[in-house]
Amino acid sequence: MYRLGIDLGGTNIVASVVDENYNIISTAKRLTDCPRPADAILDDMADAAIEAIYNSGLKKEDIEAAGVGSPGAIDPQNRIVCYANNLGFVNVPMASMLKERTGIDFYLENDANAAAYGEFIAGAGKGTKDFIMITLGTGVGGGIIIDGKIYSGFNCAGGELGHTVIAVDGEMCSCGRQGCWEAYASATALIRQTKQAMIRYSDSVMWQLCENDINKVSGITAFDAMRKGDLAGKSVVDNYVKYVAVGIANNINIFQPEIICIGGGISKEGDTLIKPIEEYVNGDNYARNIPSKAKIKTALLGNDAGIIGAANICDLYK
Ligand SMILES: [Zn+2]
């Protein structure tokens with residue numbers, strides 16, 4: 001049994017054939033190259049899908065189901081991208097456009113939800129029923145699984161965990177609100193916090209780590225500096241961990257998932273990130289005295305989560 005998943009990102013289109021054990025057996029890529037008309041982007045998505053099938057040595061008829069994880073507000077029932085600001089899409093009937101081009105039936109889901117679903121079936125959330133995935137990237141993405149199903153509210157716009165406020169009148173967020181979790185806990189925010197600390201501490205090891213060029217700061221600069229014993233680096237990491245942890249604790253208090261997993265580039269820090277978050281959360285979690293606790297883990301599938309999830313979205317419609 002083989003399925004096809006497409007991860008549509010702002011930079012790349014990645015299509016893969018996935019087997020029944022959730023292994024990716026072939027992949028084809030195109031550049032998203034936006035802004036472009038939806039028709040042109042859909043042409044490349046269809047080409048990548050057909051090429052991925054060709055690369056797997058299978059035929060189109062061998063593909064049992066297919067799905068796309070797309071940025072933006074998605075209507076999964078009608079399989080339409082209602083609005084995706086980074087792609088410039090408004091009401092794009094993505095599934096029917098892909099069917100015209102490939103003859104294959106596609107399901108559609110928001111990309112963060114597709115990634116959460118991938119981790120749920122094949123990664124950090126395997127074996128659970130209630131699961132949350134948080135992605136610390138350019139923004140803070142979230143996907144909520146309740147009783148084995150993706151939860152996104154009556155209008156499919158829910159699950160925006162990054163846009164819950166943790167500091168009233170705080171930092172400006174890209175969404176227009178102030179003090180959103182994303183404005184403190186995203187990789188973008190960590191880079192901003194690192195640069196601010198470097199400007200304050202001209203003798204910090206962080207300057208050497210980025211060759212005295214503040215534009216070379218990345219999400220790991222402060223972590224690397226901390227490992228070298230740098231106090232300014234440690235202070236950036238300590239504060240960042242607190243920002244991530246306060247949002248994790250909020251989500252545990254609302255949902256009490258069995259597992260909450262953290263993905264995105266910064267999650268590669270592993271226990272350096274997870275252990276202090278656990279400590280913080282265990283002090284702040286309303287259910288801290290109940291013996292069964294929500295576990296905090298790192299995501300296991302990396303960029304494959306979205307594709308594996310998208311390929312298997314069909315299971316939610318059985
Ligand atoms: Zn926001």
# chains A, B, ... in the order shown; residues from 1 in each chain; ligands from 1
$ residues_around --residues "segment 51-62 of chain A" --least-positions-apart "5" --cutoff "10 Å" --atoms "only C-alpha atoms" --output "JSON, numbers by chain"
{"A": [1, 2, 3, 4, 5, 6, 14, 15, 16, 17, 18, 24, 25, 26, 27, 28, 29, 45, 46, 102, 103, 104]}
$ closest_atom_pairs --of "chain A" --to "ligand 1" --cutoff "8 Å" --atoms "only C-alpha atoms and all ligand atoms" --output "Markdown table"
| residue | atom | partner | partner_atom_place_in_ligand_line | distance |
| --- | --- | --- | --- | --- |
| A:Gly162 | CA | ligand 1 | 1 (Zn) | 6.4 |
| A:His163 | CA | ligand 1 | 1 (Zn) | 3.9 |
| A:Thr164 | CA | ligand 1 | 1 (Zn) | 6.8 |
| A:Val165 | CA | ligand 1 | 1 (Zn) | 7.5 |
| A:Met172 | CA | ligand 1 | 1 (Zn) | 7.8 |
| A:Cys173 | CA | ligand 1 | 1 (Zn) | 4.6 |
| A:Ser174 | CA | ligand 1 | 1 (Zn) | 5.8 |
| A:Cys175 | CA | ligand 1 | 1 (Zn) | 4.3 |
| A:Gly176 | CA | ligand 1 | 1 (Zn) | 6.3 |
| A:Arg177 | CA | ligand 1 | 1 (Zn) | 5.3 |
| A:Gln178 | CA | ligand 1 | 1 (Zn) | 6.9 |
| A:Gly179 | CA | ligand 1 | 1 (Zn) | 7.4 |
| A:Cys180 | CA | ligand 1 | 1 (Zn) | 4.6 |
| A:Trp181 | CA | ligand 1 | 1 (Zn) | 7.2 |
| A:Glu182 | CA | ligand 1 | 1 (Zn) | 6.2 |
| A:Ala183 | CA | ligand 1 | 1 (Zn) | 6.8 |
$ write_last_selection --atoms "N, CA, C and O atoms" --output "CSV table (one decimal), in the first residue's frame"
chain,number,residue,atom,x,y,z
A,162,GLY,N,0.6,29.7,18.6
A,162,GLY,CA,1.6,30.7,18.6
A,162,GLY,C,1.1,32.1,18.8
A,162,GLY,O,1.8,33.0,19.3
A,163,HIS,N,-0.2,32.3,18.6
A,163,HIS,CA,-0.8,33.6,18.7
A,163,HIS,C,-1.7,33.8,19.9
A,163,HIS,O,-2.7,34.5,19.9
A,164,THR,N,-1.3,33.1,21.0
A,164,THR,CA,-1.9,33.3,22.3
A,164,THR,C,-0.9,34.2,23.0
A,164,THR,O,0.3,34.1,23.0
A,165,VAL,N,-1.4,35.3,23.7
A,165,VAL,CA,-0.6,36.3,24.3
A,165,VAL,C,0.0,35.8,25.7
A,165,VAL,O,-0.7,35.2,26.5
A,172,MET,N,5.7,43.3,19.6
A,172,MET,CA,4.8,43.3,18.5
A,172,MET,C,4.9,41.9,17.7
A,172,MET,O,6.0,41.4,17.5
A,173,CYS,N,3.8,41.3,17.4
A,173,CYS,CA,3.8,40.1,16.6
A,173,CYS,C,3.4,40.3,15.2
A,173,CYS,O,2.8,41.3,14.9
A,174,SER,N,3.9,39.4,14.3
A,174,SER,CA,3.6,39.6,12.9
A,174,SER,C,2.1,39.5,12.6
A,174,SER,O,1.6,40.0,11.5
A,175,CYS,N,1.3,39.0,13.5
A,175,CYS,CA,-0.2,38.9,13.3
A,175,CYS,C,-0.9,40.2,13.7
A,175,CYS,O,-2.1,40.3,13.4
A,176,GLY,N,-0.2,41.2,14.3
A,176,GLY,CA,-0.8,42.4,14.6
A,176,GLY,C,-1.2,42.6,16.1
A,176,GLY,O,-1.5,43.7,16.6
A,177,ARG,N,-1.1,41.5,16.8
A,177,ARG,CA,-1.3,41.6,18.3
A,177,ARG,C,0.0,41.8,18.9
A,177,ARG,O,1.1,41.7,18.3
A,178,GLN,N,0.0,42.2,20.2
A,178,GLN,CA,1.2,42.4,21.0
A,178,GLN,C,1.4,41.3,22.0
A,178,GLN,O,0.4,40.9,22.7
A,179,GLY,N,2.6,40.8,22.2
A,179,GLY,CA,2.9,39.9,23.3
A,179,GLY,C,2.6,38.4,23.0
A,179,GLY,O,2.5,37.6,23.9
A,180,CYS,N,2.3,38.1,21.7
A,180,CYS,CA,2.1,36.7,21.4
A,180,CYS,C,3.2,35.8,21.8
A,180,CYS,O,4.4,36.2,21.7
A,181,TRP,N,2.9,34.5,22.1
A,181,TRP,CA,3.9,33.5,22.4
A,181,TRP,C,5.0,33.5,21.3
A,181,TRP,O,6.2,33.4,21.5
A,182,GLU,N,4.5,33.5,20.0
A,182,GLU,CA,5.4,33.5,18.9
A,182,GLU,C,6.5,34.6,18.9
A,182,GLU,O,7.6,34.4,18.5
A,183,ALA,N,6.1,35.8,19.4
A,183,ALA,CA,7.0,36.9,19.4
A,183,ALA,C,8.1,36.7,20.5
A,183,ALA,O,9.0,37.5,20.5
$ residues_around --residues "Gly233 of chain A" --least-positions-apart "2" --cutoff "8 Å" --atoms "only C-alpha atoms" --output "list in words"
Thr194, Ala197, Ser204, Val205, Met206, Thr221, Ala222, Phe223, Asp224, Ala225, Met226, Asp230, Leu231, Ser235, Val236 and Val237 of chain A
$ write_last_selection --atoms "all heavy atoms" --output "mmCIF file, in the first residue's frame"
data_model
loop_
_atom_site.group_PDB
_atom_site.id
_atom_site.type_symbol
_atom_site.label_atom_id
_atom_site.label_comp_id
_atom_site.auth_asym_id
_atom_site.auth_seq_id
_atom_site.Cartn_x
_atom_site.Cartn_y
_atom_site.Cartn_z
ATOM 1 N N THR A 194 19.129 37.188 21.034
ATOM 2 C CA THR A 194 20.582 36.965 21.014
ATOM 3 C C THR A 194 21.308 38.243 20.584
ATOM 4 O O THR A 194 22.287 38.672 21.212
ATOM 5 C CB THR A 194 20.928 35.806 20.046
ATOM 6 O OG1 THR A 194 20.195 34.645 20.440
ATOM 7 C CG2 THR A 194 22.413 35.489 20.058
ATOM 8 N N ALA A 197 21.358 40.845 23.300
ATOM 9 C CA ALA A 197 22.345 40.545 24.355
ATOM 10 C C ALA A 197 23.759 40.856 23.865
ATOM 11 O O ALA A 197 24.605 41.348 24.622
ATOM 12 C CB ALA A 197 22.225 39.078 24.766
ATOM 13 N N SER A 204 31.054 39.241 24.878
ATOM 14 C CA SER A 204 30.449 37.895 24.866
ATOM 15 C C SER A 204 31.094 37.012 23.785
ATOM 16 O O SER A 204 31.447 37.486 22.691
ATOM 17 C CB SER A 204 28.947 38.006 24.594
ATOM 18 O OG SER A 204 28.427 36.741 24.272
ATOM 19 N N VAL A 205 31.228 35.733 24.102
ATOM 20 C CA VAL A 205 31.737 34.728 23.146
ATOM 21 C C VAL A 205 30.865 34.685 21.881
ATOM 22 O O VAL A 205 31.314 34.282 20.805
ATOM 23 C CB VAL A 205 31.749 33.329 23.841
ATOM 24 C CG1 VAL A 205 32.010 32.215 22.848
ATOM 25 C CG2 VAL A 205 32.772 33.299 24.973
ATOM 26 N N MET A 206 29.614 35.134 22.030
ATOM 27 C CA MET A 206 28.691 35.099 20.885
ATOM 28 C C MET A 206 29.240 35.888 19.694
ATOM 29 O O MET A 206 29.013 35.515 18.544
ATOM 30 C CB MET A 206 27.318 35.623 21.299
ATOM 31 C CG MET A 206 26.646 34.694 22.307
ATOM 32 S SD MET A 206 24.925 35.085 22.648
ATOM 33 C CE MET A 206 25.062 36.471 23.762
ATOM 34 N N THR A 221 23.344 30.134 18.226
ATOM 35 C CA THR A 221 24.468 30.948 18.709
ATOM 36 C C THR A 221 24.513 31.017 20.235
ATOM 37 O O THR A 221 25.552 30.763 20.858
ATOM 38 C CB THR A 221 24.400 32.374 18.114
ATOM 39 O OG1 THR A 221 24.337 32.278 16.682
ATOM 40 C CG2 THR A 221 25.598 33.210 18.507
ATOM 41 N N ALA A 222 23.378 31.338 20.861
ATOM 42 C CA ALA A 222 23.355 31.482 22.327
ATOM 43 C C ALA A 222 23.595 30.136 23.010
ATOM 44 O O ALA A 222 24.300 30.064 24.023
ATOM 45 C CB ALA A 222 22.024 32.085 22.769
ATOM 46 N N PHE A 223 23.022 29.061 22.440
ATOM 47 C CA PHE A 223 23.243 27.718 23.006
ATOM 48 C C PHE A 223 24.730 27.354 22.950
ATOM 49 O O PHE A 223 25.301 26.841 23.916
ATOM 50 C CB PHE A 223 22.412 26.666 22.256
ATOM 51 C CG PHE A 223 20.948 26.652 22.630
ATOM 52 C CD1 PHE A 223 20.025 27.386 21.897
ATOM 53 C CD2 PHE A 223 20.497 25.911 23.711
ATOM 54 C CE1 PHE A 223 18.673 27.374 22.239
ATOM 55 C CE2 PHE A 223 19.156 25.889 24.068
ATOM 56 C CZ PHE A 223 18.239 26.628 23.323
ATOM 57 N N ASP A 224 25.366 27.615 21.796
ATOM 58 C CA ASP A 224 26.798 27.310 21.648
ATOM 59 C C ASP A 224 27.639 28.117 22.636
ATOM 60 O O ASP A 224 28.589 27.613 23.225
ATOM 61 C CB ASP A 224 27.263 27.589 20.209
ATOM 62 C CG ASP A 224 26.828 26.489 19.243
ATOM 63 O OD1 ASP A 224 26.457 25.395 19.732
ATOM 64 O OD2 ASP A 224 26.850 26.734 18.023
ATOM 65 N N ALA A 225 27.262 29.409 22.800
ATOM 66 C CA ALA A 225 28.009 30.271 23.725
ATOM 67 C C ALA A 225 27.869 29.756 25.159
ATOM 68 O O ALA A 225 28.847 29.714 25.914
ATOM 69 C CB ALA A 225 27.494 31.707 23.626
ATOM 70 N N MET A 226 26.665 29.330 25.520
ATOM 71 C CA MET A 226 26.431 28.786 26.867
ATOM 72 C C MET A 226 27.326 27.571 27.103
ATOM 73 O O MET A 226 27.926 27.433 28.169
ATOM 74 C CB MET A 226 24.950 28.406 27.012
ATOM 75 C CG MET A 226 24.605 27.785 28.352
ATOM 76 S SD MET A 226 22.844 27.404 28.482
ATOM 77 C CE MET A 226 22.784 25.908 27.496
ATOM 78 N N ASP A 230 29.809 30.982 28.442
ATOM 79 C CA ASP A 230 29.528 32.414 28.301
ATOM 80 C C ASP A 230 28.263 32.804 29.082
ATOM 81 O O ASP A 230 27.184 32.234 28.859
ATOM 82 C CB ASP A 230 29.354 32.736 26.804
ATOM 83 C CG ASP A 230 29.150 34.207 26.551
ATOM 84 O OD1 ASP A 230 30.040 34.994 26.895
ATOM 85 O OD2 ASP A 230 28.097 34.570 25.991
ATOM 86 N N LEU A 231 28.394 33.765 29.986
ATOM 87 C CA LEU A 231 27.261 34.122 30.848
ATOM 88 C C LEU A 231 26.131 34.819 30.085
ATOM 89 O O LEU A 231 24.956 34.581 30.346
ATOM 90 C CB LEU A 231 27.738 35.022 32.000
ATOM 91 C CG LEU A 231 28.565 34.309 33.074
ATOM 92 C CD1 LEU A 231 29.044 35.315 34.117
ATOM 93 C CD2 LEU A 231 27.762 33.190 33.747
ATOM 94 N N SER A 235 22.335 33.492 29.800
ATOM 95 C CA SER A 235 21.179 34.291 30.181
ATOM 96 C C SER A 235 20.144 34.347 29.044
ATOM 97 O O SER A 235 18.933 34.298 29.286
ATOM 98 C CB SER A 235 21.681 35.657 30.636
ATOM 99 O OG SER A 235 20.859 36.665 30.209
ATOM 100 N N VAL A 236 20.616 34.430 27.781
ATOM 101 C CA VAL A 236 19.683 34.411 26.639
ATOM 102 C C VAL A 236 18.923 33.081 26.624
ATOM 103 O O VAL A 236 17.691 33.045 26.489
ATOM 104 C CB VAL A 236 20.432 34.612 25.293
ATOM 105 C CG1 VAL A 236 19.508 34.359 24.101
ATOM 106 C CG2 VAL A 236 21.013 36.010 25.199
ATOM 107 N N VAL A 237 19.661 31.969 26.787
ATOM 108 C CA VAL A 237 19.026 30.641 26.750
ATOM 109 C C VAL A 237 18.040 30.491 27.907
ATOM 110 O O VAL A 237 16.909 30.034 27.712
ATOM 111 C CB VAL A 237 20.087 29.510 26.784
ATOM 112 C CG1 VAL A 237 19.418 28.146 26.974
ATOM 113 C CG2 VAL A 237 20.919 29.513 25.508
#
$ select_by_dssp --residues "segment 103-236 of chain A" --states "strand (DSSP E or B)" --output "JSON, numbers by chain"
{"A": [106, 107, 108, 109, 110, 131, 132, 133, 134, 135, 136, 140, 141, 142, 143, 144, 145, 146, 149, 150, 165, 172, 178, 180]}
$ write_last_selection --atoms "C-alpha atoms" --output "tab-separated table (two decimals), in the first residue's frame"
chain	number	residue	atom	x	y	z
A	106	PHE	CA	-5.99	14.66	-3.03
A	107	TYR	CA	-6.98	15.48	0.53
A	108	LEU	CA	-5.94	18.84	1.94
A	109	GLU	CA	-4.85	20.03	5.38
A	110	ASN	CA	-3.03	22.99	6.92
A	131	PHE	CA	-1.23	14.91	21.32
A	132	ILE	CA	0.10	18.38	20.56
A	133	MET	CA	2.96	19.42	18.35
A	134	ILE	CA	4.64	22.80	18.62
A	135	THR	CA	7.08	23.92	15.93
A	136	LEU	CA	9.64	26.58	16.86
A	140	VAL	CA	5.49	29.17	16.42
A	141	GLY	CA	3.24	26.62	14.72
A	142	GLY	CA	0.86	24.31	16.47
A	143	GLY	CA	-1.18	21.20	15.73
A	144	ILE	CA	-3.72	19.69	18.10
A	145	ILE	CA	-4.86	16.07	17.98
A	146	ILE	CA	-7.82	15.20	20.21
A	149	LYS	CA	-8.46	13.62	15.15
A	150	ILE	CA	-7.07	16.99	14.10
A	165	VAL	CA	-0.60	36.28	24.34
A	172	MET	CA	4.81	43.27	18.46
A	178	GLN	CA	1.22	42.38	20.96
A	180	CYS	CA	2.06	36.67	21.36
$ select_by_dssp --residues "segment 185-239 of chain A" --states "helix (DSSP H, G or I)" --output "PyMOL selection string"
chain A and resi 185+187-200+205-209+214-216+221-227+231-239
$ closest_residue --among "A:Leu161, A:Ile277, A:Ile266, A:Cys261" --to "Lys126 of chain A" --atoms "only C-alpha atoms"
A:Cys261
$ closest_residue --among "A:Lys99, A:Tyr280, A:Val246, A:Tyr83" --to "Ile50 of chain A" --atoms "only C-alpha atoms"
A:Lys99
$ residues_around --residues "Cys82 of chain A" --least-positions-apart "2" --cutoff "9 Å" --atoms "only C-alpha atoms" --output "short mmCIF file (atom, residue, chain, number, x, y, z; two decimals) with all heavy atoms, in the first residue's frame"
data_model
loop_
_atom_site.label_atom_id
_atom_site.label_comp_id
_atom_site.auth_asym_id
_atom_site.auth_seq_id
_atom_site.Cartn_x
_atom_site.Cartn_y
_atom_site.Cartn_z
N GLY A 72 -1.55 28.32 5.44
CA GLY A 72 -2.75 29.15 5.35
C GLY A 72 -3.97 28.54 5.98
O GLY A 72 -3.93 27.49 6.61
N ALA A 73 -5.09 29.25 5.80
CA ALA A 73 -6.39 28.78 6.30
C ALA A 73 -6.97 27.84 5.26
O ALA A 73 -7.15 28.21 4.09
CB ALA A 73 -7.32 29.96 6.53
N ILE A 74 -7.24 26.61 5.68
CA ILE A 74 -7.65 25.55 4.76
C ILE A 74 -9.07 25.13 5.10
O ILE A 74 -9.43 25.06 6.28
CB ILE A 74 -6.73 24.31 4.94
CG1 ILE A 74 -5.26 24.68 4.81
CG2 ILE A 74 -7.12 23.19 4.00
CD1 ILE A 74 -4.85 25.22 3.47
N ASP A 75 -9.88 24.82 4.08
CA ASP A 75 -11.16 24.16 4.29
C ASP A 75 -10.96 22.71 3.87
O ASP A 75 -11.03 22.39 2.68
CB ASP A 75 -12.23 24.86 3.42
CG ASP A 75 -13.56 24.13 3.47
OD1 ASP A 75 -13.63 23.01 4.02
OD2 ASP A 75 -14.54 24.69 2.94
N ILE A 80 -10.14 23.25 -0.13
CA ILE A 80 -9.83 24.57 -0.71
C ILE A 80 -8.84 25.30 0.20
O ILE A 80 -8.96 25.22 1.43
CB ILE A 80 -11.14 25.41 -0.81
CG1 ILE A 80 -12.05 24.81 -1.89
CG2 ILE A 80 -10.86 26.87 -1.10
CD1 ILE A 80 -13.44 25.41 -1.90
N ALA A 84 -3.88 32.06 1.92
CA ALA A 84 -2.50 31.82 2.33
C ALA A 84 -1.70 33.06 1.95
O ALA A 84 -1.40 33.27 0.77
CB ALA A 84 -1.93 30.58 1.65
N PHE A 89 -2.54 33.15 -2.15
CA PHE A 89 -3.70 32.34 -2.57
C PHE A 89 -4.96 32.81 -1.86
O PHE A 89 -4.96 33.00 -0.64
CB PHE A 89 -3.49 30.87 -2.19
CG PHE A 89 -2.53 30.11 -3.06
CD1 PHE A 89 -1.79 30.75 -4.03
CD2 PHE A 89 -2.39 28.72 -2.91
CE1 PHE A 89 -0.90 30.04 -4.83
CE2 PHE A 89 -1.50 28.01 -3.71
CZ PHE A 89 -0.75 28.66 -4.67
N VAL A 90 -6.04 33.01 -2.62
CA VAL A 90 -7.36 33.26 -2.05
C VAL A 90 -8.33 32.30 -2.73
O VAL A 90 -8.46 32.30 -3.96
CB VAL A 90 -7.82 34.72 -2.26
CG1 VAL A 90 -9.22 34.94 -1.68
CG2 VAL A 90 -6.83 35.70 -1.64
N ASN A 91 -8.99 31.46 -1.92
CA ASN A 91 -9.97 30.49 -2.43
C ASN A 91 -9.45 29.68 -3.63
O ASN A 91 -10.05 29.69 -4.70
CB ASN A 91 -11.29 31.19 -2.79
CG ASN A 91 -12.00 31.68 -1.53
OD1 ASN A 91 -11.87 31.05 -0.47
ND2 ASN A 91 -12.69 32.80 -1.62
N VAL A 92 -8.36 28.99 -3.43
CA VAL A 92 -7.79 28.14 -4.48
C VAL A 92 -8.27 26.69 -4.26
O VAL A 92 -7.97 26.09 -3.22
CB VAL A 92 -6.24 28.19 -4.45
CG1 VAL A 92 -5.64 27.16 -5.40
CG2 VAL A 92 -5.75 29.59 -4.80
N PRO A 93 -9.05 26.16 -5.21
CA PRO A 93 -9.56 24.79 -5.06
C PRO A 93 -8.46 23.76 -5.37
O PRO A 93 -8.44 23.12 -6.44
CB PRO A 93 -10.71 24.72 -6.08
CG PRO A 93 -10.34 25.72 -7.12
CD PRO A 93 -9.51 26.79 -6.46
#
